[in-house]
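**Q** See work-v2.cif below, with mmCIF, C-alpha atoms.
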```
data_upload
#
loop_
_atom_site.label_atom_id
_atom_site.label_comp_id
_atom_site.auth_asym_id
_atom_site.auth_seq_id
_atom_site.Cartn_x
_atom_site.Cartn_y
_atom_site.Cartn_z
CA MET A 1 -27.23 14.85 55.01
CA ALA A 2 -28.89 17.64 53.05
CA LEU A 3 -25.59 18.49 51.35
CA ALA A 4 -25.11 14.87 50.27
CA ALA A 5 -28.64 14.76 48.88
CA ALA A 6 -28.05 17.99 46.97
CA PHE A 7 -24.87 16.59 45.40
CA PHE A 8 -26.68 13.36 44.56
CA TYR A 9 -29.46 15.16 42.68
CA LEU A 10 -26.89 17.38 40.97
CA PHE A 11 -24.76 14.47 39.74
CA ALA A 12 -27.76 12.32 38.87
CA GLY A 13 -29.43 15.11 36.90
CA ILE A 14 -26.30 15.80 34.89
CA VAL A 15 -25.83 12.07 34.22
CA VAL A 16 -29.38 11.73 32.88
CA ALA A 17 -29.10 14.89 30.77
CA SER A 18 -25.68 13.88 29.41
CA ALA A 19 -26.92 10.38 28.58
CA PHE A 20 -29.84 11.87 26.66
CA MET A 21 -27.51 14.18 24.74
CA VAL A 22 -25.29 11.21 23.81
CA ILE A 23 -28.10 9.77 21.71
CA ALA A 24 -29.63 13.12 20.70
CA ALA A 25 -26.49 14.88 19.40
CA LYS A 26 -26.15 14.78 15.63
CA ASN A 27 -22.37 15.11 15.67
CA PRO A 28 -20.69 11.87 16.87
CA VAL A 29 -17.78 13.85 18.34
CA HIS A 30 -20.23 15.82 20.49
CA SER A 31 -21.84 12.53 21.56
CA VAL A 32 -18.47 11.26 22.83
CA LEU A 33 -17.89 14.52 24.74
CA TRP A 34 -21.32 14.21 26.38
CA LEU A 35 -20.43 10.61 27.24
CA ILE A 36 -17.25 11.79 28.98
CA LEU A 37 -19.33 14.27 31.02
CA ALA A 38 -21.69 11.45 32.00
CA PHE A 39 -18.74 9.33 33.14
CA PHE A 40 -17.37 12.10 35.33
CA ASN A 41 -20.69 12.65 37.07
CA ALA A 42 -21.24 8.91 37.50
CA ALA A 43 -17.84 8.84 39.22
CA GLY A 44 -19.16 11.54 41.56
CA LEU A 45 -22.12 9.29 42.42
CA PHE A 46 -19.73 6.45 43.24
CA LEU A 47 -17.81 8.76 45.55
CA LEU A 48 -21.01 9.62 47.39
CA LEU A 49 -21.63 5.89 47.86
CA GLY A 50 -18.16 5.38 49.31
CA ALA A 51 -16.88 3.38 46.33
CA GLU A 52 -13.81 5.47 45.60
CA PHE A 53 -12.10 2.64 43.73
CA LEU A 54 -14.95 2.33 41.23
CA ALA A 55 -15.00 6.10 40.81
CA MET A 56 -11.27 6.17 40.00
CA ILE A 57 -11.62 3.21 37.62
CA LEU A 58 -14.48 4.96 35.85
CA VAL A 59 -12.39 8.09 35.32
CA VAL A 60 -9.08 6.41 34.47
CA VAL A 61 -10.35 3.54 32.31
CA TYR A 62 -13.52 4.83 30.70
CA VAL A 63 -12.69 8.51 30.36
CA GLY A 64 -8.93 8.12 29.92
CA ALA A 65 -9.02 5.17 27.54
CA VAL A 66 -12.39 4.08 26.21
CA ALA A 67 -14.01 7.47 25.58
CA VAL A 68 -10.81 8.93 24.11
CA LEU A 69 -10.49 5.82 21.92
CA PHE A 70 -14.05 6.32 20.71
CA LEU A 71 -13.23 9.93 19.93
CA PHE A 72 -10.13 9.06 17.91
CA VAL A 73 -11.91 6.26 16.04
CA VAL A 74 -14.82 8.51 15.14
CA MET A 75 -12.46 11.25 13.97
CA MET A 76 -10.13 8.94 12.02
CA LEU A 77 -12.74 6.79 10.28
CA ASP A 78 -14.49 8.44 7.36
CA VAL A 79 -17.96 7.19 8.24
CA ASP A 80 -20.97 8.52 6.36
CA PHE A 81 -23.43 8.88 9.23
CA ALA A 82 -26.13 10.23 6.92
CA GLU A 83 -26.05 6.93 5.05
CA LEU A 84 -26.22 4.98 8.31
CA ARG A 85 -29.32 6.88 9.42
CA GLN A 86 -31.23 6.00 6.24
CA GLY A 87 -32.16 2.53 7.53
CA PHE A 88 -33.22 3.77 10.95
CA LEU A 89 -36.93 3.09 10.49
CA SER A 90 -36.32 -0.52 9.48
CA TYR A 91 -34.65 -1.20 12.85
CA LEU A 92 -37.27 0.72 14.85
CA PRO A 93 -39.47 -2.32 15.77
CA VAL A 94 -36.46 -4.31 17.05
CA GLY A 95 -35.22 -1.28 18.98
CA ALA A 96 -38.66 -0.76 20.51
CA VAL A 97 -38.79 -4.38 21.70
CA ILE A 98 -35.29 -4.16 23.24
CA GLY A 99 -36.18 -0.84 24.89
CA ALA A 100 -39.36 -2.33 26.35
CA VAL A 101 -37.43 -5.30 27.77
CA LEU A 102 -34.85 -2.98 29.35
CA LEU A 103 -37.64 -0.82 30.82
CA VAL A 104 -39.29 -3.87 32.39
CA GLU A 105 -35.96 -5.00 33.83
CA LEU A 106 -35.32 -1.57 35.33
CA LEU A 107 -38.78 -1.48 36.86
CA LEU A 108 -38.24 -4.93 38.36
CA VAL A 109 -34.92 -3.84 39.86
CA LEU A 110 -36.38 -0.63 41.29
CA THR A 111 -39.46 -2.32 42.74
CA THR A 112 -37.67 -5.33 44.25
CA GLY A 113 -37.39 -3.59 47.62
CA LEU A 114 -41.16 -3.03 47.72
CA PHE A 115 -42.22 -6.59 46.92
CA ALA A 116 -39.32 -8.46 48.58
CA PRO A 117 -37.58 -6.29 51.17
CA GLU A 118 -35.67 -9.28 52.56
CA SER A 119 -33.77 -9.68 49.27
CA THR A 120 -32.22 -6.22 49.55
CA ALA A 121 -31.19 -6.91 53.14
CA VAL A 122 -29.39 -10.09 52.06
CA ALA A 123 -27.61 -8.31 49.21
CA GLN A 124 -26.10 -5.69 51.50
CA VAL A 125 -22.83 -7.06 52.84
CA PRO A 126 -21.01 -4.61 55.13
CA ILE A 127 -17.30 -4.06 54.55
CA PRO A 128 -15.16 -4.67 57.66
CA ASP A 129 -13.42 -1.66 59.12
CA ASP A 130 -9.95 -3.13 58.68
CA VAL A 131 -10.43 -3.81 54.93
CA SER A 132 -10.31 -1.03 52.35
CA ASN A 133 -12.76 -0.69 49.51
CA THR A 134 -10.16 -1.74 46.93
CA GLU A 135 -9.12 -4.82 48.91
CA ALA A 136 -12.74 -5.92 49.39
CA ILE A 137 -13.42 -5.69 45.65
CA GLY A 138 -10.23 -7.61 44.89
CA GLN A 139 -11.16 -10.39 47.30
CA LEU A 140 -14.55 -10.78 45.65
CA LEU A 141 -13.26 -10.62 42.07
CA TYR A 142 -10.42 -13.08 42.49
CA THR A 143 -12.20 -15.58 44.75
CA ARG A 144 -15.97 -15.81 44.33
CA TYR A 145 -16.29 -14.22 40.89
CA VAL A 146 -12.96 -15.23 39.32
CA LEU A 147 -14.64 -17.26 36.54
CA PHE A 148 -16.93 -14.39 35.53
CA PHE A 149 -13.98 -12.00 35.72
CA GLN A 150 -11.98 -14.16 33.30
CA LEU A 151 -14.97 -14.56 30.98
CA ALA A 152 -15.43 -10.78 30.90
CA GLY A 153 -11.77 -10.42 29.95
CA MET A 154 -12.20 -12.91 27.10
CA VAL A 155 -15.27 -11.05 25.83
CA LEU A 156 -13.35 -7.77 25.85
CA LEU A 157 -10.43 -9.42 24.03
CA LEU A 158 -12.75 -10.75 21.32
CA ALA A 159 -14.39 -7.33 21.00
CA MET A 160 -10.99 -5.70 20.59
CA VAL A 161 -9.91 -8.18 17.91
CA GLY A 162 -13.24 -7.73 16.12
CA ALA A 163 -12.90 -3.94 16.17
CA ILE A 164 -9.40 -4.19 14.70
CA VAL A 165 -10.59 -6.53 11.94
CA LEU A 166 -13.57 -4.32 11.06
CA THR A 167 -11.55 -1.09 10.92
CA LEU A 168 -8.55 -2.54 9.07
CA ARG A 169 -8.49 -1.23 5.53
CA HIS A 170 -6.03 -2.18 2.80
CA LYS A 171 -5.28 0.52 0.27
CA ALA A 172 -4.76 -0.46 -3.33
CA GLY A 173 -1.31 0.01 -4.79
CA VAL A 174 0.51 -0.35 -1.46
CA LYS A 175 3.13 -3.10 -1.26
CA ARG A 176 2.61 -5.36 1.72
CA GLN A 177 4.53 -8.27 3.10
CA ASP A 178 3.09 -11.68 2.22
CA ILE A 179 4.72 -14.16 4.59
CA GLY A 180 3.04 -17.15 2.99
CA ALA A 181 4.42 -16.27 -0.44
CA GLN A 182 7.88 -15.74 1.02
CA VAL A 183 7.93 -19.11 2.75
CA ALA A 184 6.64 -20.90 -0.38
CA ARG A 185 9.47 -19.64 -2.59
CA ASP A 186 11.89 -22.17 -4.10
CA PRO A 187 15.15 -21.71 -6.00
CA ALA A 188 13.29 -21.74 -9.32
CA THR A 189 11.22 -18.68 -8.37
CA ALA A 190 13.64 -17.00 -5.98
CA ILE A 191 16.37 -16.11 -8.48
CA GLU A 192 16.59 -15.42 -12.17
CA VAL A 193 19.80 -16.18 -14.07
CA ARG A 194 20.61 -13.98 -17.03
CA LYS A 195 23.53 -14.23 -19.39
CA VAL A 196 25.10 -10.84 -19.89
CA GLU A 197 27.52 -10.24 -22.70
CA SER A 198 30.98 -9.05 -21.82
CA GLY A 199 31.18 -5.27 -21.45
CA LYS A 200 27.40 -4.78 -21.42
CA GLY A 201 26.65 -5.53 -17.78
CA ILE A 202 26.74 -1.92 -16.67
#
```
Represent the structure contained in this file as structure tokens.
**A**
Amino acid sequence: MALAAAFFYLFAGIVVASAFMVIAAKNPVHSVLWLILAFFNAAGLFLLLGAEFLAMILVVVYVGAVAVLFLFVVMMLDVDFAELRQGFLSYLPVGAVIGAVLLVELLLVLTTGLFAPESTAVAQVPIPDDVSNTEAIGQLLYTRYVLFFQLAGMVLLLAMVGAIVLTLRHKAGVKRQDIGAQVARDPATAIEVRKVESGKGI
């Protein structure tokens, strides 16, 4: 029990420190690397809780795909972060309000067990011995929460399309295919007939 508590405080401390460095680092590449470290330690917390499937998903999906994608996007896009930081003070009141709301929500979640201990007892559903962790999550996702699961997929799809549209840049002077112009062509604009005198064609 003491060893598990020691690992919990180790992983939790590194997660909190890494999360702080994500927003404190001036270099965006360093922020992504700190984010990857936070993901790894959060996966360690999931392992301590017995949720090995969530830990593997966190490493494979978030570290292997999302964080690496962030890193490549930050490195490929020529973003002037100094220009982005110029309007920081104008967004400070809105950010303070959102931060206060999130703080209140976290306090409500943490203090729910003190004011309503019966609600935490209802939320804890034991997993049967003959069902693995992965199978139990699959049964919940594809039966009780299938609608929310599909809605989350649609939100992620829209976010992906929006990211592609925002990062797509057309360079001037590069010939690109215009399908609409190709379909709208007629014989009058498709060909040009020229009369060439004999012996002067080549």
**Q** Choose the residue, out of A:Leu10, A:Leu71, A:Leu89, A:Ala17, that has the smallest atom-to-atom separation from Leu45 (chain A); count all atoms listed in the file.
**A**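 Among the listed residues, A:Leu10 lies closest to Leu45 (chain A).
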**Q** Report as number ranges by chain the full result of the PyMOL selection byres ((chain A and resi 31-43) around 8) when it is applied to this structure.
**A** A: 11-12, 14-16, 18-19, 21-30, 44-47, 54-56, 58-59, 62-63, 67, 70-71
**Q** May I ask for the distance between CA of Gly64 (chain A) and CA of Ser132 (chain A), given in Å to one decimal place?
**A**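 Going from CA of Gly64 (chain A) over to CA of Ser132 (chain A), I get 24.3 Å.
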**Q** In Å, rounded to a single decimal, give me how far CA of Val74 (chain A) is from CA of Ala163 (chain A).
**A**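 So the answer is 12.6 Å.
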**Q** Between CA of Tyr145 (chain A) and CA of Asn133 (chain A), what is the distance in Å, rounded to a tenth?
**A**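 Separating CA of Tyr145 (chain A) from CA of Asn133 (chain A) is a distance of 16.4 Å.
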**Q** Please put the answer as JSON: centre and edge lengths, in Å with one decimal, of a box along x, y and z that encloses all listed atoms of region 171-176 of chain A plus 3 Å on each side.
**A**
```
{"center_x": -1.1, "center_y": -2.4, "center_z": -1.5, "size_x": 14.4, "size_y": 11.9, "size_z": 12.5}
```
